[in-house]
Each structure stands twice: as C-alpha cells, then as structure tokens.
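J.: Once you've had a glance at the structure underneath, I'll fire off some questions.
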Amino acid sequence: MDRFVIKIRLVTALVLILILTAGIVLSRQDRATEARAEAGNYAVSVRSGDYVLLARLVSGEATGEPYIGQVAVAAVVLNRVKSSKFPNTVPEVIYQPGAFESVSNGQIWARNPSRTNYKAARDALNGWDPTYGSLFFWNPYKRVSPWIWTRRIITQIGDHVFGK
Amino acid sequence: MKNRYVIWGLGILTIVVIALALWSMSSRAYSAENLLEASYQKGFYNLVDDVNTLNILLSKSLVTSSDSQRIMILTSIWHEAENARSSLASLPLGSRDMTNLQKFFAQMGDFSHSLAKKVSLGEQISDKEWNIIEQFKKNTQNLNRSLRELQDNVVKGRIRWERGSFAPGLGGRVQQVMADRFAAIDQRLKEEAPTITYDGPFSDHVEEITPKAITGSPIDEQEAIEKGRKFIDNPANVRYDVSVYGRTRGMVNAYSLKFAKPGAEGAEIVMDVSRQGGHVIWFLNTRDIGEQKIDIETAVDKAHKFLESRGYRNMEPTGSLREDNTVTVTFAYKQGDVLVYPDFVKVEVALDDGQVVGFDAMGYLTHHTTRKIPSTGISERQVRDGLNKRLEVRRIRKVIIPDPAMKERFCYEVDANLDDERYLIYINAQNGREEQVLKVVETDSGTMTM
C-alpha cells in the first residue's frame, strides 16, 4: 500500500511539473507580447518608427558597451543605409536575414531599450559617427565568419571592432 | 485493485500530454519553416523577375532614339534596380559578403537616374556613358543566365533555402546550397563590374572621399593630450587624468582620448584628435545634466563664443534641436556674404549651467576649404520674379549647398511661406535652375527640414 501511495504521488508530481512548465512557457510568451505592445504604444505616441527600431538594435547588440560603442552600432546601421552595398532603409538593413545576431536570436525583442539606448540612436541619427564610415562590426572574442577578417579595420570601441 | 487502474490511467495521460506537446511543437516549427521558405522563394522569384526586366530595359535604352522615351526607360531602370536591391535584401544571405551584387544594382539605378536627369535638361549622353550602359547590359545578361539556372533547380524542388530539418526526406543535404551559389555570383560580379564615376551618390568617387581640412604635420600622443586638454569646456577647472585608449585608421587617423576625474573609475569625457595637425574631431562629456536653468538663446550664444575661442571664426548658427536638458546648435561657415552649408559644426550645450558638453566637426573638417565663389549669373530681383506667385517670401540669401554627388552648388536660398507652411527653395545662382525644395517642420524641440 505504501509503495502504491508513493507511485501515485510520483505520477501526480510529474503531471504537476508538466502543467507548471507549460504555464511558465505560456506566461513568458504573454510577457513578451505585453512588452511588445508597450513598446508599440511608445512608438506611436512619442517616437518615429526608425528611431525606436534603431534603439532596439542598440539595446540588442550593444547593451553593456560604453556609450560611444552604442552610438557606433547605430552609426553602422545608418552607414549601411547610405551605402550602395546595403539596402536603402533602416528596417531593410536591420531585418536583412542573418545580418544582426540580436535579430536572429530574438534579443532585439527581449527588453525595451533604455534611455541611454535611445540617446545613442538619436546621436547617430543627428549625424555623429565615431566609426568613420564603418559598415561592419564584430566581437573579436567570439566566433565570427572568417571573411569578416578580410575587412579593413578602422577602430575598436569597447568589445567591438569596426571596419569597412 | 481500483488504484492500479488510476496509476495506469495517470501514466497514459502523462504520455499522451507529452506526445501532444511534442507533436504541436514540431508541427508549429514545420509550418513556420515552410512559411519562411515561402517568403525566401518569393524574394528569389522577384529578384529573377527584376533582373530579367532590367535586361530588357537596358537593351531598349540603347535602341530608342526619342528623348522622352529614353527618359522613361532610364527612370524605369532606376526603379527596377531599386526593386532588385529590396528583393536581394530579403534573401537569407546576411551572414555572407553579398555587397557586390547590392552595389551593382545601386550603381546601375543611380547612374540611369543621373542620365535621365541629364537628358531631361536637354544634354547629350556621351560615348563613355553609352559604354557604361553596354557594360551594365553585359553584366545583367550574365546575371540573368546564372539566376535562371538556379531557378530551374528551384522549380524542380532540388534546392531550398531552409535547412529542412523537419521536412520529410530532405534532411540536411541541401542546406546552404542557394547561399553558396549566390556567393559565387557575387564574386564573379566583383571581377566583371566596371568602376564608374558620375553625378550621383553611389558613384565610386563619393565613396573614396578624403577630408579637406585635416592638414598639418603629424603629432604624437602627448601633443594630442595637450590639444585635447585645451579644447574642452572646463569652467570648474577639473584636473582630468587624460590618456590615449585607442587609435583610428582609415579616412581619418586619430587618437582616441579619455578624460577621467581624479580618483573616479570610468571616463567622463571621450574625444578623437586627428594625428595629422591635431584637430579635435569630436568630443562628448557624459556627465549627468540637471534641470534647465538657462534659455536657448543664451545657450546658442555660449556655443558661438566657444567656437570663436577654439579658432572657428565666421560661423553662423543655422538651427537648433533641443533634447532632454541639452540643446544641439548647428553652425555653418560664412565666406563673405555666402553661407557654406557643407562646412558645418555641431555644438551641444547643457541647459543647467551652459557648459559645452558635445562637439562634432566632422562635416567641417571633411569639406572646409577656401572656395572660389563665382559671381552670380542672375540677380536677387530675377529670383524673386521667377518664384511661384503664391509664395510669401521672408528672406533671400546666398548659400552653397552640397549635392548628393559631393559637388557643391552656389544658390539663392529663398525662405518662403505658402499659407501656414514654411519652405526653403534653392535656386542656382548662375543659371536660375531650381535645385531643391525643402519643407521646414517646426516642433517644440527645434526646427527640421525634410
């Protein structure tokens, strides 16, 4: 009889864990959509679309970098928009499949940009380019595609190398 | 014994729940993957179509003998090339170097646009320009052929973009074939496509610009630190620890400096100083900024005085933008009575105490030089008479504006109202052509032009 009770408890525990896991997964999804909706409202009322998107990318790619490192990431996006070698608009550049790691792994949607991220995006939109026309940036301490090293390196800011 | 059934029942339920979860996950992933594949395929078919259309249009442009027809065709090439750029950008090639294809379409479109403009002004297309069109046509033909071969394989279902890990029977063997083929096409184009110089933003000469005002002899780190110390706005006489933390190579060679408060951890001010001549290119003070205590006018005045004391003379404020508790003022150089817009400097002033917390002279250092300004071909009176009669003119002044091809235009700037809306109209001071119209948008934070 005792063994039997233990078995029942075990199975119940299993089912409970299953339900719990499902619950956690679902609630996380809810939270994600909430955050998105919030950002959406912000976008419509206060900021123009490109500006918010740029700040999001800065948050996804350069959180933890020094302030000019954040401006630099935004500047690379804008340099791409201006360049003949990349598409013509901010969304096309940012959403070019595989172009930015934070878009591929969803980091761009993981959190709302901070005040600093917004300021960095704005400084870049105002024309400040600490990268002197760089079109690429990469983290030399992480695994990157080998062809990236054929680029001409212009400068390093924080953990990112910037190049053309 | 009843209890035993309960155990079995719960056990089976658990298995069913797990199986259901797995099944729904994999079917979701499967349909998401197909959706993605469909969107990539759409991009690819569009690209093949765009290239085919470009091929036909380029041939037509060579054949036609009517100017109006030629303008239409050249403009269509421009549009179609832009479409091709969009289609290409939607393909999953981002992790590879696909810049030659993009550049090829960009230049073809841009070049055609510049030719269309030329023909519309009644000018002739030169033999050299015809040769470039011929070259574009040849490249496009090759491209068309390669893409068609690829399309053939795609139609027969031999190649897919996505890995197809959930697709039955396809497994991993087809992965990345498309991307590899594109990389090969891109490389070939790099070898075949011409280097071209013309009147447009994507011309090769624009991409290789060197700054005109960065002159002088090279300086060393110590000299750079001295220059930097003297340049910043430091009313409280903070004795910063200044050090070089990096170097920049490329269009400009520069030392990157950081200024830390004594005893403090991170840098408060960062700055780039050019190696040649020791020009301060930009600096930024990252201190926290308190509540606004001074008005915009005082701030503009502070910025003006700062510039004069740092050797930037004859600068005139042209606009300001307020953000949080700072205001960024743009200044342009004035040569005689002509305002030179390309030679601009931006100064950011903190509105709590009027300190200059940001400075960016890249525009000025790139373009500034003493210009030979020609005499005007038409008078202000003639400009006024030629304007749209419904405009109410506020001011007319002489300016130099940049054009997309990095050439400069000497113009009259007409500041005028149409009803409640404000516009800036640029009339070429030599031939009276209207070069550009900007709409002025005034917001609470400042003035913008679009």
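In the structure tokens, chains take letters A, B, ... by order of appearance, with residues numbered from 1 within each chain and ligands from 1 in the order shown.
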Near chain A, meaning an atom within 6 Å, which residues of chain B appear when counting only C-alpha atoms? Write them as an MDAnalysis selection string.
T.: chainID B and resid 89:90 92 94:95 99 102:103 106 202 248:250
J.: For the selection just defined, write its residues with N, CA, C and O atoms to a file, as a compact mmCIF listing (two decimals), in the first residue's frame.
T.:
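Wrote out_30.txt, looks like this:
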# COMPACT_ATOMS: atom_id res chain seq x y z
N ALA B 89 17.83 41.95 -50.65
CA ALA B 89 17.99 42.13 -49.20
C ALA B 89 17.07 41.22 -48.41
O ALA B 89 17.29 41.00 -47.23
N SER B 90 16.01 40.70 -49.05
CA SER B 90 15.09 39.85 -48.30
C SER B 90 15.56 38.40 -48.27
O SER B 90 14.98 37.56 -47.61
N PRO B 92 18.10 35.21 -47.37
CA PRO B 92 18.91 34.93 -46.17
C PRO B 92 20.39 34.81 -46.47
O PRO B 92 20.98 33.74 -46.38
N GLY B 94 22.58 37.30 -45.27
CA GLY B 94 23.19 38.33 -44.44
C GLY B 94 24.51 37.96 -43.81
O GLY B 94 25.33 38.81 -43.52
N SER B 95 24.73 36.67 -43.56
CA SER B 95 25.96 36.31 -42.89
C SER B 95 27.12 36.17 -43.88
O SER B 95 28.22 35.80 -43.52
N THR B 99 28.01 42.14 -50.90
CA THR B 99 27.97 43.57 -51.14
C THR B 99 28.14 43.94 -52.61
O THR B 99 27.70 45.00 -53.03
N GLN B 102 24.65 44.03 -54.39
CA GLN B 102 23.92 45.22 -53.96
C GLN B 102 24.47 46.46 -54.65
O GLN B 102 23.72 47.28 -55.18
N LYS B 103 25.79 46.58 -54.65
CA LYS B 103 26.43 47.75 -55.21
C LYS B 103 26.16 47.85 -56.71
O LYS B 103 25.93 48.93 -57.25
N ALA B 106 22.69 49.13 -57.17
CA ALA B 106 22.62 50.51 -56.69
C ALA B 106 23.23 51.46 -57.72
O ALA B 106 22.64 52.49 -58.07
N PHE B 202 26.09 57.23 -55.38
CA PHE B 202 26.76 55.93 -55.31
C PHE B 202 27.95 55.84 -56.26
O PHE B 202 28.52 54.77 -56.47
N THR B 248 42.48 55.24 -34.41
CA THR B 248 41.55 55.04 -35.51
C THR B 248 42.32 55.14 -36.81
O THR B 248 43.12 56.05 -36.98
N ARG B 249 42.09 54.17 -37.70
CA ARG B 249 42.75 54.21 -39.00
C ARG B 249 41.67 54.26 -40.07
O ARG B 249 40.60 53.76 -39.88
N GLY B 250 42.01 54.84 -41.21
CA GLY B 250 41.02 54.88 -42.28
C GLY B 250 40.99 56.24 -42.91
O GLY B 250 42.03 56.86 -43.12
J.: According to DSSP computed on the backbone, where in range 95-278 of chain B is there strand (DSSP E or B)? Give the residues as a list in words.
T.: Pro218, Asp241, Val242, Ser243, Val244, Tyr245, Gly246, Arg247, Thr248, Ala254, Tyr255, Ser256, Leu257, Lys258, Phe259, Ala260, Ile269, Val270, Met271, Asp272, Val273, Ser274 and Gln276 of chain B
J.: For each of A:Ser114, A:Asp123, A:Val90, A:Phe137, take the minimum atom-to-atom distance to Leu53 in chain A, counting only C-alpha atoms, then give the residue where this is smallest.
T.: A:Val90
J.: Rank B:Leu101, B:Val345, B:Ile209, B:Ala84 by their smallest atom-to-atom distance to Pro317 in chain B, using only C-alpha atoms, and report the top residue only.
T.: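 Among the listed residues, B:Val345 lies closest to Pro317 in chain B.
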J.: Near Val71 in chain A, within 7 Å and counting only C-alpha atoms, which residues show up once chain neighbours fewer than 2 positions away are dropped, as a PyMOL selection string?
T.: chain A and resi 67-69+73-75+120-121+123-124
J.: Tell me which of B:Asp301, B:Gly43, B:Tyr312, B:Asp352 sits closest to Asp324 in chain B, counting only C-alpha atoms.
T.: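 Using only C-alpha atoms, the shortest distance to Asp324 in chain B belongs to B:Asp352.
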